[in-house]
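Source file: input00.cif. Holds: mmCIF, C-alpha atoms, pLDDT in the B column; chains and numbers go by the auth columns.
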data_upload
#
loop_
_atom_site.group_PDB
_atom_site.id
_atom_site.type_symbol
_atom_site.label_atom_id
_atom_site.label_comp_id
_atom_site.label_asym_id
_atom_site.label_seq_id
_atom_site.Cartn_x
_atom_site.Cartn_y
_atom_site.Cartn_z
_atom_site.B_iso_or_equiv
_atom_site.auth_seq_id
_atom_site.auth_asym_id
ATOM 1 C CA MET A 1 -0.996 -24.746 -4.487 45.00 692 A
ATOM 2 C CA THR A 2 -1.294 -26.605 -7.759 49.00 693 A
ATOM 3 C CA ARG A 3 -0.052 -25.298 -11.089 48.00 694 A
ATOM 4 C CA ARG A 4 -3.649 -24.822 -12.265 45.00 695 A
ATOM 5 C CA GLN A 5 -4.510 -22.775 -9.161 42.00 696 A
ATOM 6 C CA LEU A 6 -1.435 -20.649 -9.686 46.00 697 A
ATOM 7 C CA LEU A 7 -2.283 -19.966 -13.317 44.00 698 A
ATOM 8 C CA THR A 8 -5.988 -19.300 -12.764 40.00 699 A
ATOM 9 C CA GLY A 9 -5.810 -17.471 -9.437 40.00 700 A
ATOM 10 C CA ALA A 10 -2.914 -15.132 -10.120 39.00 701 A
ATOM 11 C CA THR A 11 -2.488 -12.107 -12.305 36.00 702 A
ATOM 12 C CA ALA A 12 0.721 -11.738 -14.245 36.00 703 A
ATOM 13 C CA MET A 13 1.991 -8.176 -14.275 42.00 704 A
ATOM 14 C CA GLY A 14 5.263 -7.726 -16.070 53.00 705 A
ATOM 15 C CA ALA A 15 7.888 -9.736 -14.246 66.00 706 A
ATOM 16 C CA PHE A 16 5.651 -10.660 -11.311 68.00 707 A
ATOM 17 C CA VAL A 17 2.940 -13.166 -10.549 66.00 708 A
ATOM 18 C CA ILE A 18 0.614 -11.673 -7.974 66.00 709 A
ATOM 19 C CA GLY A 19 -1.718 -13.941 -6.058 60.00 710 A
ATOM 20 C CA SER A 20 -3.669 -13.849 -2.860 57.00 711 A
ATOM 21 C CA GLY A 21 -1.081 -13.000 -0.220 60.00 712 A
ATOM 22 C CA TYR A 22 2.070 -13.600 -2.255 59.00 713 A
ATOM 23 C CA VAL A 23 4.279 -12.210 -5.008 67.00 714 A
ATOM 24 C CA ALA A 24 6.497 -14.395 -7.182 66.00 715 A
ATOM 25 C CA GLY A 25 8.906 -13.829 -10.011 67.00 716 A
ATOM 26 C CA SER A 26 7.321 -14.791 -13.329 62.00 717 A
ATOM 27 C CA ASN A 27 10.241 -17.153 -13.898 58.00 718 A
ATOM 28 C CA ALA A 28 9.342 -18.945 -10.614 52.00 719 A
ATOM 29 C CA ALA A 29 12.859 -18.342 -9.284 59.00 720 A
ATOM 30 C CA TRP A 30 11.622 -16.623 -6.146 66.00 721 A
ATOM 31 C CA ALA A 31 8.443 -15.936 -4.176 73.00 722 A
ATOM 32 C CA THR A 32 7.526 -14.209 -0.959 80.00 723 A
ATOM 33 C CA GLU A 33 4.440 -14.126 1.226 82.00 724 A
ATOM 34 C CA MET A 34 3.006 -10.819 2.326 80.00 725 A
ATOM 35 C CA GLN A 35 2.463 -10.122 6.009 88.00 726 A
ATOM 36 C CA ALA A 36 1.070 -6.578 6.014 89.00 727 A
ATOM 37 C CA MET A 37 1.287 -5.130 2.491 91.00 728 A
ATOM 38 C CA SER A 38 -0.882 -5.944 -0.490 90.00 729 A
ATOM 39 C CA PRO A 39 0.832 -8.165 -3.077 88.00 730 A
ATOM 40 C CA GLU A 40 0.323 -5.461 -5.726 91.00 731 A
ATOM 41 C CA GLY A 41 1.897 -2.854 -3.465 91.00 732 A
ATOM 42 C CA PHE A 42 4.889 -5.068 -2.753 90.00 733 A
ATOM 43 C CA ALA A 43 5.383 -5.861 -6.461 91.00 734 A
ATOM 44 C CA THR A 44 5.273 -2.111 -7.166 94.00 735 A
ATOM 45 C CA LEU A 45 7.910 -1.557 -4.486 95.00 736 A
ATOM 46 C CA VAL A 46 10.181 -4.210 -6.037 93.00 737 A
ATOM 47 C CA GLN A 47 9.805 -2.624 -9.487 94.00 738 A
ATOM 48 C CA MET A 48 10.465 0.804 -7.989 97.00 739 A
ATOM 49 C CA ALA A 49 13.649 -0.522 -6.361 96.00 740 A
ATOM 50 C CA ARG A 50 14.817 -1.977 -9.663 95.00 741 A
ATOM 51 C CA ASP A 51 14.131 1.318 -11.440 97.00 742 A
ATOM 52 C CA ILE A 52 15.983 3.379 -8.817 97.00 743 A
ATOM 53 C CA TYR A 53 19.085 1.149 -8.798 97.00 744 A
ATOM 54 C CA PRO A 54 18.976 -0.789 -12.089 96.00 745 A
ATOM 55 C CA HIS A 55 21.375 -3.702 -12.449 95.00 746 A
ATOM 56 C CA ASP A 56 20.547 -6.158 -15.211 92.00 747 A
ATOM 57 C CA ARG A 57 22.663 -8.890 -13.623 93.00 748 A
ATOM 58 C CA VAL A 58 20.949 -8.639 -10.201 94.00 749 A
ATOM 59 C CA ALA A 59 17.851 -10.844 -9.935 91.00 750 A
ATOM 60 C CA ASP A 60 14.511 -9.541 -8.657 90.00 751 A
ATOM 61 C CA GLU A 61 14.771 -11.753 -5.577 91.00 752 A
ATOM 62 C CA TYR A 62 17.531 -9.477 -4.205 95.00 753 A
ATOM 63 C CA TYR A 63 15.421 -6.376 -4.803 95.00 754 A
ATOM 64 C CA ALA A 64 12.514 -8.128 -3.050 92.00 755 A
ATOM 65 C CA ALA A 65 14.773 -8.912 -0.086 93.00 756 A
ATOM 66 C CA ALA A 66 15.896 -5.260 -0.012 96.00 757 A
ATOM 67 C CA VAL A 67 12.325 -3.947 0.333 94.00 758 A
ATOM 68 C CA LYS A 68 10.897 -6.773 2.457 93.00 759 A
ATOM 69 C CA GLY A 69 11.343 -4.568 5.546 94.00 760 A
ATOM 70 C CA TYR A 70 8.369 -2.463 4.427 95.00 761 A
ATOM 71 C CA ASP A 71 6.074 -5.499 4.794 93.00 762 A
ATOM 72 C CA THR A 72 5.633 -5.012 8.540 93.00 763 A
ATOM 73 C CA GLN A 73 2.713 -3.698 10.548 94.00 764 A
ATOM 74 C CA ASP A 74 4.490 -0.470 11.445 94.00 765 A
ATOM 75 C CA LYS A 75 5.771 0.374 7.923 95.00 766 A
ATOM 76 C CA ALA A 76 3.122 -1.050 5.585 93.00 767 A
ATOM 77 C CA GLU A 77 0.707 1.874 5.916 95.00 768 A
ATOM 78 C CA MET A 78 3.402 4.416 5.003 95.00 769 A
ATOM 79 C CA ALA A 79 4.510 2.241 2.081 96.00 770 A
ATOM 80 C CA GLU A 80 0.971 1.738 0.771 96.00 771 A
ATOM 81 C CA GLN A 81 0.276 5.490 0.982 97.00 772 A
ATOM 82 C CA GLY A 82 3.495 6.231 -0.898 97.00 773 A
ATOM 83 C CA ILE A 83 2.631 3.633 -3.532 97.00 774 A
ATOM 84 C CA ALA A 84 -0.848 5.156 -3.900 97.00 775 A
ATOM 85 C CA ALA A 85 0.784 8.556 -4.530 97.00 776 A
ATOM 86 C CA LEU A 86 3.207 6.941 -6.987 97.00 777 A
ATOM 87 C CA ASN A 87 0.320 5.293 -8.852 97.00 778 A
ATOM 88 C CA ALA A 88 -1.614 8.573 -8.908 98.00 779 A
ATOM 89 C CA ARG A 89 1.388 10.361 -10.422 98.00 780 A
ATOM 90 C CA ALA A 90 1.886 7.536 -12.928 97.00 781 A
ATOM 91 C CA MET A 91 -1.786 7.723 -13.908 97.00 782 A
ATOM 92 C CA GLU A 92 -1.512 11.488 -14.314 97.00 783 A
ATOM 93 C CA MET A 93 1.674 11.345 -16.376 97.00 784 A
ATOM 94 C CA LYS A 94 1.426 8.047 -18.277 96.00 785 A
ATOM 95 C CA GLY A 95 -2.205 6.950 -18.008 96.00 786 A
ATOM 96 C CA ASP A 96 -1.650 3.747 -16.030 96.00 787 A
ATOM 97 C CA ASP A 97 -0.501 2.413 -12.649 95.00 788 A
ATOM 98 C CA TYR A 98 3.270 2.454 -12.115 96.00 789 A
ATOM 99 C CA LEU A 99 3.604 -1.330 -12.310 92.00 790 A
ATOM 100 C CA ASN A 100 1.731 -1.453 -15.623 92.00 791 A
ATOM 101 C CA ILE A 101 3.968 1.072 -17.386 95.00 792 A
ATOM 102 C CA GLY A 102 5.931 -1.077 -19.788 92.00 793 A
ATOM 103 C CA TRP A 103 8.926 1.097 -20.538 94.00 794 A
ATOM 104 C CA GLU A 104 11.598 1.654 -17.911 95.00 795 A
ATOM 105 C CA ARG A 105 12.254 5.161 -19.257 96.00 796 A
ATOM 106 C CA ASP A 106 8.601 6.098 -18.620 97.00 797 A
ATOM 107 C CA ARG A 107 8.693 4.699 -15.073 97.00 798 A
ATOM 108 C CA VAL A 108 11.910 6.610 -14.387 97.00 799 A
ATOM 109 C CA ASP A 109 10.198 9.812 -15.584 98.00 800 A
ATOM 110 C CA VAL A 110 7.502 9.228 -12.959 98.00 801 A
ATOM 111 C CA LEU A 111 10.134 8.600 -10.272 98.00 802 A
ATOM 112 C CA ARG A 112 12.065 11.739 -11.231 97.00 803 A
ATOM 113 C CA SER A 113 8.915 13.785 -10.779 97.00 804 A
ATOM 114 C CA MET A 114 8.667 12.464 -7.209 97.00 805 A
ATOM 115 C CA GLU A 115 12.336 12.474 -6.183 96.00 806 A
ATOM 116 C CA ASP A 116 11.817 15.212 -3.572 96.00 807 A
ATOM 117 C CA ASP A 117 8.944 13.269 -1.999 96.00 808 A
ATOM 118 C CA ALA A 118 9.626 11.823 1.484 96.00 809 A
ATOM 119 C CA PHE A 119 8.465 8.345 0.442 96.00 810 A
ATOM 120 C CA PHE A 120 10.844 8.249 -2.527 97.00 811 A
ATOM 121 C CA GLN A 121 13.764 9.415 -0.385 97.00 812 A
ATOM 122 C CA THR A 122 12.959 6.829 2.302 96.00 813 A
ATOM 123 C CA VAL A 123 12.886 3.966 -0.204 97.00 814 A
ATOM 124 C CA ARG A 124 15.982 5.193 -2.081 97.00 815 A
ATOM 125 C CA GLY A 125 17.948 5.609 1.137 96.00 816 A
ATOM 126 C CA GLY A 126 16.912 2.203 2.456 96.00 817 A
ATOM 127 C CA LEU A 127 17.978 0.531 -0.773 96.00 818 A
ATOM 128 C CA VAL A 128 21.576 1.666 -0.364 95.00 819 A
ATOM 129 C CA THR A 129 22.059 -0.750 2.507 95.00 820 A
ATOM 130 C CA GLY A 130 19.137 -3.097 1.833 96.00 821 A
ATOM 131 C CA LEU A 131 20.403 -4.010 -1.622 96.00 822 A
ATOM 132 C CA TYR A 132 24.158 -3.557 -1.500 95.00 823 A
ATOM 133 C CA ASN A 133 24.712 -5.210 1.911 94.00 824 A
ATOM 134 C CA GLN A 134 23.569 -8.575 0.569 96.00 825 A
ATOM 135 C CA LYS A 135 26.718 -10.690 0.394 94.00 826 A
ATOM 136 C CA ALA A 136 25.210 -12.874 -2.335 94.00 827 A
ATOM 137 C CA ILE A 137 25.394 -10.036 -4.876 95.00 828 A
ATOM 138 C CA TRP A 138 28.904 -8.821 -4.039 91.00 829 A
ATOM 139 C CA PRO A 139 30.586 -11.107 -6.601 90.00 830 A
ATOM 140 C CA ILE A 140 28.380 -9.617 -9.337 92.00 831 A
ATOM 141 C CA PHE A 141 30.060 -6.272 -8.721 88.00 832 A
ATOM 142 C CA GLY A 142 33.525 -7.721 -8.187 82.00 833 A
ATOM 143 C CA TYR A 143 33.596 -6.862 -4.480 83.00 834 A
ATOM 144 C CA GLU A 144 35.468 -9.452 -2.436 79.00 835 A
ATOM 145 C CA GLY A 145 34.252 -8.251 0.953 80.00 836 A
ATOM 146 C CA GLU A 146 36.102 -6.765 3.865 81.00 837 A
ATOM 147 C CA SER A 147 39.817 -7.477 4.165 80.00 838 A
ATOM 148 C CA TYR A 148 40.578 -6.630 7.792 80.00 839 A
ATOM 149 C CA SER A 149 40.039 -10.190 8.978 83.00 840 A
ATOM 150 C CA GLN A 150 42.389 -11.406 6.228 79.00 841 A
ATOM 151 C CA GLY A 151 45.267 -9.038 6.906 77.00 842 A
ATOM 152 C CA GLY A 152 44.035 -5.936 5.106 77.00 843 A
ATOM 153 C CA TYR A 153 44.238 -4.807 1.512 74.00 844 A
ATOM 154 C CA ILE A 154 48.031 -4.420 1.346 75.00 845 A
ATOM 155 C CA ASN A 155 48.441 -8.188 1.013 70.00 846 A
ATOM 156 C CA ARG A 156 45.064 -8.855 -0.584 70.00 847 A
ATOM 157 C CA GLY A 157 44.220 -6.930 -3.714 66.00 848 A
ATOM 158 C CA PHE A 158 45.697 -3.498 -3.015 67.00 849 A
ATOM 159 C CA ASP A 159 47.387 -3.377 -6.404 69.00 850 A
ATOM 160 C CA ASP A 160 44.930 -5.346 -8.551 68.00 851 A
ATOM 161 C CA ILE A 161 42.804 -2.422 -9.661 65.00 852 A
ATOM 162 C CA THR A 162 42.977 -1.836 -13.376 65.00 853 A
ATOM 163 C CA TRP A 163 40.935 1.328 -13.698 59.00 854 A
ATOM 164 C CA VAL A 164 43.543 3.638 -12.114 55.00 855 A
ATOM 165 C CA GLY A 165 45.791 4.837 -14.869 50.00 856 A
#
Go ahead and render the structure in this file as structure tokens.
Amino acid sequence: MTRRQLLTGATAMGAFVIGSGYVAGSNAAWATEMQAMSPEGFATLVQMARDIYPHDRVADEYYAAAVKGYDTQDKAEMAEQGIAALNARAMEMKGDDYLNIGWERDRVDVLRSMEDDAFFQTVRGGLVTGLYNQKAIWPIFGYEGESYSQGGYINRGFDDITWVG
């Protein structure tokens, strides 16, 4: 795909470039092809993940990797239905689709109104492992990984915590 095709054939929505069959970060740092979900639906899922577990220092590519499991034949229909309900609630509350709501606070209000919904709980629960089990982001949080294979924590960082007073 040429630069001109990218710019003329894609729609920029916030932090995402959405084209035919793919979603990319607007900074061109990452991109992913869709297998079963719509690109708009996947971009909404990435934004939803970022709004549920917001970390300014974690790039969108890690959130995309955390929700990529919904882009399968067996999960895409459930995800698209949940996203349709999310967009309907966003339209009702804020007058626009979830992805087009510019303020994080407003998107979080929409999510809070749906936090008892099965779709929200499924995505939130999946993010706990989908996001935080990515070894590439562990250094961002100061986590050094498991210590068993290196002799345990007694000889490796047991007493280096500074927040216990």
Quiz item: How many Å lie between atom CA of A:Glu806 and atom CA of A:Trp829, rounded to one decimal?
Solution: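 For atom CA of A:Glu806 relative to atom CA of A:Trp829, the distance reads 27.1 Å.
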Practice problem: Would you translate the PyMOL selection byres ((chain A and resi 737) around 8) into the concrete set of residues it matches in this file, as a list in words? | Solution: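 What the PyMOL selection byres ((chain A and resi 737) around 8) grabs from the file is Phe733, Ala734, Thr735, Leu736, Gln738, Met739, Ala740, Arg741, Asp751, Tyr754, Ala755 and Val758 of chain A.
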Self-check item: Residues selected by the PyMOL selection byres ((chain A and resi 809) around 12), written as a PyMOL selection string
Solution: chain A and resi 769-770+772-774+776-777+805-808+810-816
Exercise. To one decimal in Å, tell me the separation between atom CA of A:Asn791 and atom CA of A:Tyr753.
Key: 21.1 Å
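We find atom CA of A:Tyr839 and atom CA of A:Leu818 to be spaced 25.2 Å apart.
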Please define a box with edges along x, y and z of the file around all atoms of stretch 820-828 of chain A given in the file, extend it by 5 Å on each side, and return its centre and edge lengths in Å to one decimal, as AutoDock Vina command-line options.
--center_x 22.9 --center_y -6.8 --center_z -1.2 --size_x 17.6 --size_y 22.1 --size_z 17.4
Exercise. For A:Arg796, list every protein, DNA or RNA residue within 12 Å, evaluated using all atoms listed in the file, and leave out those in the same chain fewer than 4 positions away; present the list as an MDAnalysis selection string.
Key: chainID A and resid 742:743 745 785 789 792 800:803
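Compared by their closest atoms to A:Thr763, and using all atoms listed in the file, the residues A:Val819, A:Ala727, A:Met782, A:Ala775 rank with A:Ala727 nearest.
If you count all atoms listed in the file and ignore residues fewer than 5 places along the chain from A:Gly836, what sits within 12 Å of it is Tyr823, Asn824, Gln825, Lys826, Ala827, Ile828, Trp829, Pro830, Ile831, Gln841, Gly843, Tyr844, Arg847 and Gly848 of chain A.
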Exercise. Choose the residue, out of A:Ala722, A:Leu822, A:Gly732, A:Ile845, that has the smallest atom-to-atom separation from A:Glu768; count all atoms listed in the file.
Key: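 Looking only at the distances to A:Glu768, the closest residue turns out to be A:Gly732.
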Exercise. Check which residues satisfy the PyMOL selection byres ((chain A and resi 728) around 6) in the file shown, then give them as a list in words.
Key: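 That selection, the PyMOL selection byres ((chain A and resi 728) around 6), comes back as Met725, Ala727, Ser729, Asp762 and Ala767 of chain A.
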